[in-house]
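Visitor: Just target-v9.cif, nothing more (mmCIF, C-alpha atoms):
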```cif
data_query
#
loop_
_atom_site.group_PDB
_atom_site.id
_atom_site.type_symbol
_atom_site.label_atom_id
_atom_site.label_comp_id
_atom_site.auth_asym_id
_atom_site.auth_seq_id
_atom_site.Cartn_x
_atom_site.Cartn_y
_atom_site.Cartn_z
ATOM 1 C CA MET A 1 99.729 83.624 105.861
ATOM 2 C CA ALA A 2 103.183 85.141 105.664
ATOM 3 C CA ASP A 3 104.463 82.186 107.668
ATOM 4 C CA GLN A 4 102.837 79.732 105.291
ATOM 5 C CA ILE A 5 104.488 81.431 102.339
ATOM 6 C CA SER A 6 107.812 81.288 104.151
ATOM 7 C CA LYS A 7 107.298 77.565 104.633
ATOM 8 C CA ILE A 8 106.705 77.157 100.911
ATOM 9 C CA GLY A 9 110.103 78.757 100.338
ATOM 10 C CA LEU A 10 111.731 76.353 102.784
ATOM 11 C CA LEU A 11 110.013 73.337 101.250
ATOM 12 C CA LYS A 12 111.154 74.272 97.774
ATOM 13 C CA SER A 13 114.730 74.854 98.735
ATOM 14 C CA SER A 14 115.265 71.912 101.055
ATOM 15 C CA ASP A 15 113.238 69.016 99.661
ATOM 16 C CA LEU A 16 112.863 69.368 95.952
ATOM 17 C CA LEU A 17 115.984 71.043 94.745
ATOM 18 C CA SER A 18 118.587 69.340 96.898
ATOM 19 C CA ASN A 19 117.875 66.023 95.168
ATOM 20 C CA GLN A 20 118.177 67.543 91.752
ATOM 21 C CA GLY A 21 121.267 69.456 92.792
ATOM 22 C CA ALA A 22 123.095 66.226 93.603
ATOM 23 C CA LYS A 23 122.358 64.714 90.209
ATOM 24 C CA LYS A 24 123.026 67.746 88.097
ATOM 25 C CA THR A 25 125.765 67.655 85.513
ATOM 26 C CA ASP A 26 128.307 70.405 85.837
ATOM 27 C CA THR A 27 127.764 72.854 83.007
ATOM 28 C CA GLY A 28 130.927 74.771 83.677
ATOM 29 C CA GLY A 29 131.254 77.587 86.167
ATOM 30 C CA GLY A 30 127.866 79.315 86.255
ATOM 31 C CA PRO A 31 125.121 78.639 88.778
ATOM 32 C CA SER A 32 122.917 75.652 88.063
ATOM 33 C CA PHE A 33 119.315 76.041 87.035
ATOM 34 C CA GLY A 34 118.315 74.669 90.420
ATOM 35 C CA ASP A 35 120.315 77.323 92.231
ATOM 36 C CA MET A 36 118.874 80.050 90.053
ATOM 37 C CA LEU A 37 115.374 78.793 90.705
ATOM 38 C CA LYS A 38 116.119 78.587 94.395
ATOM 39 C CA ASN A 39 117.434 82.142 94.500
ATOM 40 C CA SER A 40 114.579 83.594 92.528
ATOM 41 C CA LEU A 41 112.093 81.732 94.696
ATOM 42 C CA ALA A 42 113.760 83.134 97.789
ATOM 43 C CA ASP A 43 113.572 86.632 96.286
ATOM 44 C CA MET A 44 109.928 86.157 95.408
ATOM 45 C CA ASN A 45 109.198 84.869 98.866
ATOM 46 C CA GLU A 46 110.782 87.949 100.397
ATOM 47 C CA GLU A 47 108.611 90.216 98.233
ATOM 48 C CA GLN A 48 105.529 88.227 99.188
ATOM 49 C CA VAL A 49 106.368 88.602 102.866
ATOM 50 C CA ASN A 50 106.938 92.333 102.349
ATOM 51 C CA GLY A 51 103.590 92.637 100.576
ATOM 52 C CA GLN A 52 101.902 90.688 103.346
ATOM 53 C CA GLN A 53 103.517 92.942 105.939
ATOM 54 C CA ALA A 54 102.333 95.994 104.003
ATOM 55 C CA MET A 55 98.756 94.672 104.007
ATOM 56 C CA THR A 56 98.972 93.968 107.731
ATOM 57 C CA ASP A 57 100.262 97.471 108.344
ATOM 58 C CA LEU A 58 97.410 98.858 106.244
ATOM 59 C CA ALA A 59 94.855 96.913 108.251
ATOM 60 C CA THR A 60 96.301 97.861 111.621
ATOM 61 C CA GLY A 61 96.924 101.485 110.706
ATOM 62 C CA ASP A 62 100.697 101.226 111.127
ATOM 63 C CA VAL A 63 101.390 102.372 107.589
ATOM 64 C CA LYS A 64 102.806 105.862 107.249
ATOM 65 C CA ASP A 65 102.678 106.206 103.483
ATOM 66 C CA LEU A 66 99.854 104.547 101.637
ATOM 67 C CA HIS A 67 101.835 104.439 98.435
ATOM 68 C CA GLN A 68 104.678 102.493 100.051
ATOM 69 C CA ALA A 69 102.199 99.736 100.822
ATOM 70 C CA ALA A 70 100.887 99.926 97.258
ATOM 71 C CA ILE A 71 104.429 99.640 95.905
ATOM 72 C CA ALA A 72 105.259 96.658 98.104
ATOM 73 C CA ILE A 73 102.051 94.913 97.034
ATOM 74 C CA SER A 74 102.683 95.679 93.345
ATOM 75 C CA LYS A 75 106.171 94.246 93.626
ATOM 76 C CA ALA A 76 104.817 91.118 95.232
ATOM 77 C CA GLU A 77 102.158 90.818 92.529
ATOM 78 C CA LEU A 78 104.606 91.161 89.649
ATOM 79 C CA ASN A 79 107.056 88.757 91.226
ATOM 80 C CA MET A 80 104.290 86.230 91.672
ATOM 81 C CA LYS A 81 103.250 86.622 88.030
ATOM 82 C CA LEU A 82 106.834 86.130 86.895
ATOM 83 C CA MET A 83 107.211 83.064 89.090
ATOM 84 C CA LEU A 84 103.999 81.583 87.679
ATOM 85 C CA GLU A 85 105.147 82.114 84.118
ATOM 86 C CA VAL A 86 108.530 80.538 84.819
ATOM 87 C CA ARG A 87 106.822 77.601 86.498
ATOM 88 C CA ASN A 88 104.497 77.128 83.515
ATOM 89 C CA LYS A 89 107.483 77.175 81.196
ATOM 90 C CA ALA A 90 109.390 74.676 83.299
ATOM 91 C CA ILE A 91 106.420 72.335 83.550
ATOM 92 C CA SER A 92 105.690 72.480 79.828
ATOM 93 C CA ALA A 93 109.357 71.713 79.130
ATOM 94 C CA TYR A 94 109.178 68.759 81.500
ATOM 95 C CA LYS A 95 105.986 67.475 79.814
ATOM 96 C CA GLU A 96 107.586 67.886 76.432
ATOM 97 C CA ILE A 97 110.563 65.764 77.528
ATOM 98 C CA SER A 98 108.404 63.148 79.207
ATOM 99 C CA LYS A 99 106.537 62.631 75.929
ATOM 100 C CA THR A 100 109.759 61.603 74.185
ATOM 101 C CA GLN A 101 109.447 58.168 72.587
ATOM 102 C CA LEU A 102 111.906 55.649 73.927
ATOM 103 C CA MET B 1 114.486 92.063 92.198
ATOM 104 C CA ALA B 2 116.266 94.212 89.732
ATOM 105 C CA PHE B 3 113.433 94.684 87.280
ATOM 106 C CA LEU B 4 111.358 96.391 89.936
ATOM 107 C CA ASN B 5 113.892 99.133 90.725
ATOM 108 C CA SER B 6 111.932 101.736 88.826
ATOM 109 C CA PHE B 7 109.182 101.332 91.386
ATOM 110 C CA ASP B 8 111.498 102.752 94.013
ATOM 111 C CA ILE B 9 112.250 105.870 91.968
ATOM 112 C CA SER B 10 108.545 106.696 91.847
ATOM 113 C CA GLY B 11 108.218 105.659 95.473
ATOM 114 C CA TYR B 12 110.758 108.226 96.604
ATOM 115 C CA GLY B 13 109.042 110.846 94.443
ATOM 116 C CA LEU B 14 105.665 110.024 95.940
ATOM 117 C CA SER B 15 107.027 110.260 99.483
ATOM 118 C CA ALA B 16 108.700 113.583 98.767
ATOM 119 C CA GLN B 17 105.584 115.100 97.202
ATOM 120 C CA ARG B 18 103.423 113.840 100.013
ATOM 121 C CA TYR B 19 105.720 115.489 102.516
ATOM 122 C CA ARG B 20 105.472 118.697 100.508
ATOM 123 C CA VAL B 21 101.674 118.503 100.548
ATOM 124 C CA ASN B 22 101.830 118.080 104.322
ATOM 125 C CA VAL B 23 103.992 121.165 104.701
ATOM 126 C CA ILE B 24 101.705 123.226 102.462
ATOM 127 C CA SER B 25 98.692 122.012 104.430
ATOM 128 C CA SER B 26 100.457 123.103 107.584
ATOM 129 C CA ASN B 27 100.967 126.545 106.054
ATOM 130 C CA ILE B 28 97.288 126.791 105.110
ATOM 131 C CA ALA B 29 96.152 125.545 108.503
ATOM 132 C CA ASN B 30 98.298 128.118 110.282
ATOM 133 C CA ALA B 31 97.519 131.034 107.981
ATOM 134 C CA ASN B 32 96.033 132.954 110.928
ATOM 135 C CA THR B 33 98.160 131.622 113.782
ATOM 136 C CA THR B 34 99.693 134.340 115.915
ATOM 137 C CA ARG B 35 101.328 132.189 118.571
ATOM 138 C CA THR B 36 104.042 129.549 118.225
ATOM 139 C CA ASP B 37 106.407 127.772 120.614
ATOM 140 C CA GLU B 38 109.351 129.715 119.248
ATOM 141 C CA GLY B 39 107.498 132.977 119.756
ATOM 142 C CA GLY B 40 105.816 135.346 117.336
ATOM 143 C CA PRO B 41 103.445 134.369 114.546
ATOM 144 C CA TYR B 42 103.706 131.165 112.541
ATOM 145 C CA ARG B 43 106.193 131.437 109.729
ATOM 146 C CA ARG B 44 105.775 129.921 106.314
ATOM 147 C CA GLN B 45 107.662 126.660 105.727
ATOM 148 C CA GLN B 46 109.104 125.515 102.444
ATOM 149 C CA VAL B 47 110.511 122.179 101.331
ATOM 150 C CA VAL B 48 113.837 121.734 99.570
ATOM 151 C CA PHE B 49 114.303 118.571 97.534
ATOM 152 C CA LYS B 50 117.567 116.852 96.784
ATOM 153 C CA ALA B 51 118.453 114.213 94.204
ATOM 154 C CA VAL B 52 119.683 111.006 95.791
ATOM 155 C CA ASN B 53 121.783 108.243 94.296
ATOM 156 C CA PHE B 54 119.510 105.594 95.738
ATOM 157 C CA GLU B 55 121.104 102.706 93.921
ATOM 158 C CA LYS B 56 124.805 103.250 93.765
ATOM 159 C CA ALA B 57 125.754 99.775 92.592
ATOM 160 C CA TYR B 58 123.487 99.980 89.547
ATOM 161 C CA ASN B 59 124.696 103.451 88.615
ATOM 162 C CA ASP B 60 128.340 102.442 88.968
ATOM 163 C CA LYS B 61 127.729 99.456 86.728
ATOM 164 C CA LEU B 62 126.016 101.609 84.104
ATOM 165 C CA GLU B 63 128.894 104.037 84.208
ATOM 166 C CA SER B 64 131.635 101.438 83.912
ATOM 167 C CA GLU B 65 129.955 99.586 81.062
ATOM 168 C CA ASN B 66 128.752 102.446 78.917
ATOM 169 C CA ASN B 67 129.865 105.761 77.624
ATOM 170 C CA PHE B 68 126.453 107.162 76.845
ATOM 171 C CA HIS B 69 126.444 109.561 79.759
ATOM 172 C CA LYS B 70 129.099 111.787 78.285
ATOM 173 C CA TYR B 71 127.706 115.182 77.517
ATOM 174 C CA GLU B 72 128.285 116.211 73.956
ATOM 175 C CA ASN B 73 126.484 119.476 73.268
ATOM 176 C CA PRO B 74 129.221 121.914 72.262
ATOM 177 C CA LEU B 75 126.990 124.924 72.906
ATOM 178 C CA ASP B 76 126.694 124.193 76.588
ATOM 179 C CA GLU B 77 130.290 123.332 77.321
ATOM 180 C CA LYS B 78 131.127 126.464 79.205
ATOM 181 C CA ILE B 79 128.593 126.377 81.960
ATOM 182 C CA GLY B 80 131.092 124.650 84.233
ATOM 183 C CA LEU B 81 129.159 121.471 84.873
ATOM 184 C CA ASN B 82 130.753 118.080 84.813
ATOM 185 C CA GLN B 83 131.016 116.592 81.354
ATOM 186 C CA TYR B 84 129.403 113.422 82.605
ATOM 187 C CA ALA B 85 125.886 113.434 83.879
ATOM 188 C CA LYS B 86 126.452 111.109 86.757
ATOM 189 C CA PRO B 87 125.079 109.355 88.502
ATOM 190 C CA PRO B 88 122.443 109.038 85.809
ATOM 191 C CA ILE B 89 119.538 107.467 87.670
ATOM 192 C CA MET B 90 118.571 109.446 90.718
ATOM 193 C CA SER B 91 115.583 109.662 92.944
ATOM 194 C CA VAL B 92 114.511 112.444 95.243
ATOM 195 C CA VAL B 93 114.407 112.974 98.975
ATOM 196 C CA VAL B 94 113.405 115.903 101.134
ATOM 197 C CA ASP B 95 116.663 117.615 102.011
ATOM 198 C CA LYS B 96 115.375 120.339 104.280
ATOM 199 C CA THR B 97 112.323 122.144 105.478
ATOM 200 C CA VAL B 98 113.222 125.815 105.513
ATOM 201 C CA ARG B 99 111.489 128.688 107.205
ATOM 202 C CA ASP B 100 110.484 131.743 105.240
ATOM 203 C CA ASP B 101 111.672 134.619 107.437
ATOM 204 C CA SER B 102 110.075 137.450 105.495
ATOM 205 C CA LYS B 103 108.228 140.088 107.454
ATOM 206 C CA PRO B 104 104.919 139.117 109.048
ATOM 207 C CA ASN B 105 101.710 140.754 107.900
ATOM 208 C CA MET B 106 100.889 143.574 110.314
ATOM 209 C CA LYS B 107 97.182 144.122 110.811
ATOM 210 C CA TYR B 108 95.630 146.820 112.919
ATOM 211 C CA ASP B 109 93.505 145.143 115.576
ATOM 212 C CA PRO B 110 93.947 146.771 119.032
ATOM 213 C CA SER B 111 91.472 144.407 120.689
ATOM 214 C CA HIS B 112 93.536 141.324 119.832
ATOM 215 C CA PRO B 113 95.470 139.857 122.815
ATOM 216 C CA ASP B 114 98.656 139.643 120.742
ATOM 217 C CA ALA B 115 98.568 143.240 119.536
ATOM 218 C CA ASN B 116 101.734 145.258 120.095
ATOM 219 C CA SER B 117 101.842 148.671 121.754
ATOM 220 C CA ASP B 118 100.810 150.372 118.508
ATOM 221 C CA GLY B 119 97.779 148.107 118.179
ATOM 222 C CA TYR B 120 99.141 145.992 115.327
ATOM 223 C CA VAL B 121 98.986 142.198 115.288
ATOM 224 C CA ALA B 122 101.691 140.199 113.516
ATOM 225 C CA TYR B 123 99.987 137.621 111.307
ATOM 226 C CA PRO B 124 101.892 134.874 109.438
ATOM 227 C CA ASN B 125 103.563 135.780 106.159
ATOM 228 C CA ILE B 126 101.290 133.394 104.305
ATOM 229 C CA ASN B 127 99.371 134.194 101.170
ATOM 230 C CA PRO B 128 96.634 131.559 100.847
ATOM 231 C CA VAL B 129 96.527 132.020 97.072
ATOM 232 C CA ILE B 130 100.210 131.106 96.767
ATOM 233 C CA GLU B 131 99.731 128.153 99.080
ATOM 234 C CA MET B 132 96.786 126.876 97.062
ATOM 235 C CA ALA B 133 98.796 127.183 93.839
ATOM 236 C CA ASP B 134 101.662 125.255 95.474
ATOM 237 C CA LEU B 135 99.188 122.661 96.674
ATOM 238 C CA ILE B 136 97.854 122.138 93.156
ATOM 239 C CA GLU B 137 101.404 121.849 91.869
ATOM 240 C CA ALA B 138 102.339 119.284 94.512
ATOM 241 C CA THR B 139 99.184 117.284 93.831
ATOM 242 C CA LYS B 140 99.881 117.231 90.112
ATOM 243 C CA ALA B 141 103.503 116.209 90.767
ATOM 244 C CA TYR B 142 102.221 113.356 92.916
ATOM 245 C CA GLN B 143 99.884 112.287 90.115
ATOM 246 C CA ALA B 144 102.761 112.439 87.656
ATOM 247 C CA ASN B 145 104.733 110.062 89.863
ATOM 248 C CA VAL B 146 101.727 107.748 90.019
ATOM 249 C CA SER B 147 101.535 107.796 86.220
ATOM 250 C CA ALA B 148 105.227 106.929 85.948
ATOM 251 C CA PHE B 149 104.688 104.110 88.413
ATOM 252 C CA GLN B 150 101.739 102.767 86.433
ATOM 253 C CA SER B 151 103.719 102.907 83.202
ATOM 254 C CA VAL B 152 106.547 100.921 84.753
ATOM 255 C CA LYS B 153 104.074 98.408 86.104
ATOM 256 C CA THR B 154 102.410 98.018 82.704
ATOM 257 C CA MET B 155 105.807 97.554 81.094
ATOM 258 C CA ALA B 156 106.793 94.889 83.605
ATOM 259 C CA SER B 157 103.484 93.073 83.118
ATOM 260 C CA SER B 158 103.936 93.173 79.338
ATOM 261 C CA ALA B 159 107.452 91.796 79.673
ATOM 262 C CA ILE B 160 106.181 88.953 81.821
ATOM 263 C CA GLN B 161 103.513 88.202 79.219
ATOM 264 C CA LEU B 162 106.316 87.600 76.730
ATOM 265 C CA LEU B 163 106.977 84.349 78.565
ATOM 266 C CA SER B 164 103.543 82.876 78.009
#
```
So that I can check it, write out the structure of this file as structure tokens.

Guide:
Amino acid sequence: MADQISKIGLLKSSDLLSNQGAKKTDTGGGPSFGDMLKNSLADMNEEQVNGQQAMTDLATGDVKDLHQAAIAISKAELNMKLMLEVRNKAISAYKEISKTQL
Amino acid sequence: MAFLNSFDISGYGLSAQRYRVNVISSNIANANTTRTDEGGPYRRQQVVFKAVNFEKAYNDKLESENNFHKYENPLDEKIGLNQYAKPPIMSVVVDKTVRDDSKPNMKYDPSHPDANSDGYVAYPNINPVIEMADLIEATKAYQANVSAFQSVKTMASSAIQLLS
């Protein structure tokens, strides 16, 4: 499952955002929204993989401190929640724009 | 991610307290041990904690951007501490496990194999009552860290709910 999540990260960064990145207008200096999204997705993916690893360690008995696993999983959970909220926002913004009368 | 740093503070605290519980358990388990590898009875172990600047970059940034760490109580100026409480955000690690070298408890028991020529056996310098009190303290400290962790988690969840 960790591998599948990793693949999601790759898919996002390579396929979807590269197209948008080429068309983006330069807003002066700072990182583009696409880059920010890409970075935060990569961060989230890392936390997910960490959480997955923690669960694997729990199951196989490799974990030394139970609370470290709990912390890794909590981090993954919160990052996932944040990602979902940002996605919902982005999609609602897109829908809002697509409803614009031409 | 930066907003989850507070988790690590509690994480270090939890690890440190768990280590302390292990050491206290070791003391309780060996309360009657008369033989060790180093010779003589088991000796009581104690844990020494140390504050650790676990996130130097963040602390440096706080320090360079703000002046709110300057200490301003005029009554306490002369105790010789630095005027700045820095670095401000610290976590805790186990610095050392030290051995309590106070005298062993001598009990008269001539039939014991480890009795000396006078018939006294050196038992560990462990008072189970003290160890149990320490154990309760360590457990409560662990629970306090869990509470801090849960508060941070609730705060982060609430902040995320602001988006929806």

Visitor: Taking only C-alpha atoms into account and nothing else, which residues of chain A lie no more than 9 Å away from chain B? Please answer as a VMD selection string.

Guide: chain A and resid 40 43 to 44 47 65 67 to 68 71 74 to 75 78 to 79 81 to 82 85 to 86 88 to 89

Visitor: Of the candidates A:Glu96, A:Ala76, A:Ile91, A:Leu84, which shows the shortest atom-to-atom distance to Gln48 of chain A, using only C-alpha atoms?

Guide: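 Looking only at the distances to Gln48 of chain A, the closest residue turns out to be A:Ala76.
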
Visitor: Can you translate the PyMOL selection byres ((chain B and resi 107) around 9) into the concrete residues it hits in this file, as a PyMOL selection string?

Guide: chain B and resi 105-106+108-109+115+119-123

Visitor: Grab all the atoms of segment 66-78 of chain A that the file lists, wrap them in a box along x, y and z, add 8 Å per side, and give me centre plus edge lengths in Å (one decimal) as lines of an AutoDock Vina configuration file.

Guide:
```
center_x = 103.0
center_y = 97.7
center_z = 95.6
size_x = 22.3
size_y = 29.7
size_z = 28.0
```

Visitor: Could you state the separation of atom CA of Asp118 of chain B and atom CA of Asp100 of chain B in Å, given to one decimal place?

Guide: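 According to the coordinates, atom CA of Asp118 of chain B and atom CA of Asp100 of chain B are separated by 24.8 Å.
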
Visitor: Please compute the atom CA of Asn32 of chain B-atom CA of Ala133 of chain B distance, one decimal, in Å.

Guide: 18.2 Å

Visitor: For the file shown, report as a count of residues only the outcome of the PyMOL selection byres ((chain A and resi 69) around 9) at residue level.

Guide: 18

Visitor: Can you work out the spacing between atom CA of Pro41 of chain B and atom CA of Thr97 of chain B in Å, to one decimal?

Guide: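 Rounded to one decimal, the two atoms are 17.6 Å apart.
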
Visitor: Can you turn the PyMOL selection byres ((chain B and resi 132) around 12) into a concrete residue list for this file, as a PDB file with C-alpha atoms, in the coordinates of the input?

Guide:
```
ATOM      1  CA  VAL B  21     101.674 118.503 100.548  1.00  0.00           C
ATOM      2  CA  VAL B  23     103.992 121.165 104.701  1.00  0.00           C
ATOM      3  CA  ILE B  24     101.705 123.226 102.462  1.00  0.00           C
ATOM      4  CA  SER B  25      98.692 122.012 104.430  1.00  0.00           C
ATOM      5  CA  SER B  26     100.457 123.103 107.584  1.00  0.00           C
ATOM      6  CA  ASN B  27     100.967 126.545 106.054  1.00  0.00           C
ATOM      7  CA  ILE B  28      97.288 126.791 105.110  1.00  0.00           C
ATOM      8  CA  ALA B  29      96.152 125.545 108.503  1.00  0.00           C
ATOM      9  CA  ALA B  31      97.519 131.034 107.981  1.00  0.00           C
ATOM     10  CA  ILE B 126     101.290 133.394 104.305  1.00  0.00           C
ATOM     11  CA  ASN B 127      99.371 134.194 101.170  1.00  0.00           C
ATOM     12  CA  PRO B 128      96.634 131.559 100.847  1.00  0.00           C
ATOM     13  CA  VAL B 129      96.527 132.020  97.072  1.00  0.00           C
ATOM     14  CA  ILE B 130     100.210 131.106  96.767  1.00  0.00           C
ATOM     15  CA  GLU B 131      99.731 128.153  99.080  1.00  0.00           C
ATOM     16  CA  ALA B 133      98.796 127.183  93.839  1.00  0.00           C
ATOM     17  CA  ASP B 134     101.662 125.255  95.474  1.00  0.00           C
ATOM     18  CA  LEU B 135      99.188 122.661  96.674  1.00  0.00           C
ATOM     19  CA  ILE B 136      97.854 122.138  93.156  1.00  0.00           C
ATOM     20  CA  GLU B 137     101.404 121.849  91.869  1.00  0.00           C
ATOM     21  CA  ALA B 138     102.339 119.284  94.512  1.00  0.00           C
ATOM     22  CA  THR B 139      99.184 117.284  93.831  1.00  0.00           C
TER      23      THR B 139
END
```

Visitor: Which residues, written as a PyMOL selection string, have at least one atom at most 6 Å from segment 88-90 of chain B, with only C-alpha atoms counted and residues fewer than 6 positions away on the same chain left out?

Guide: chain B and resi 51-53
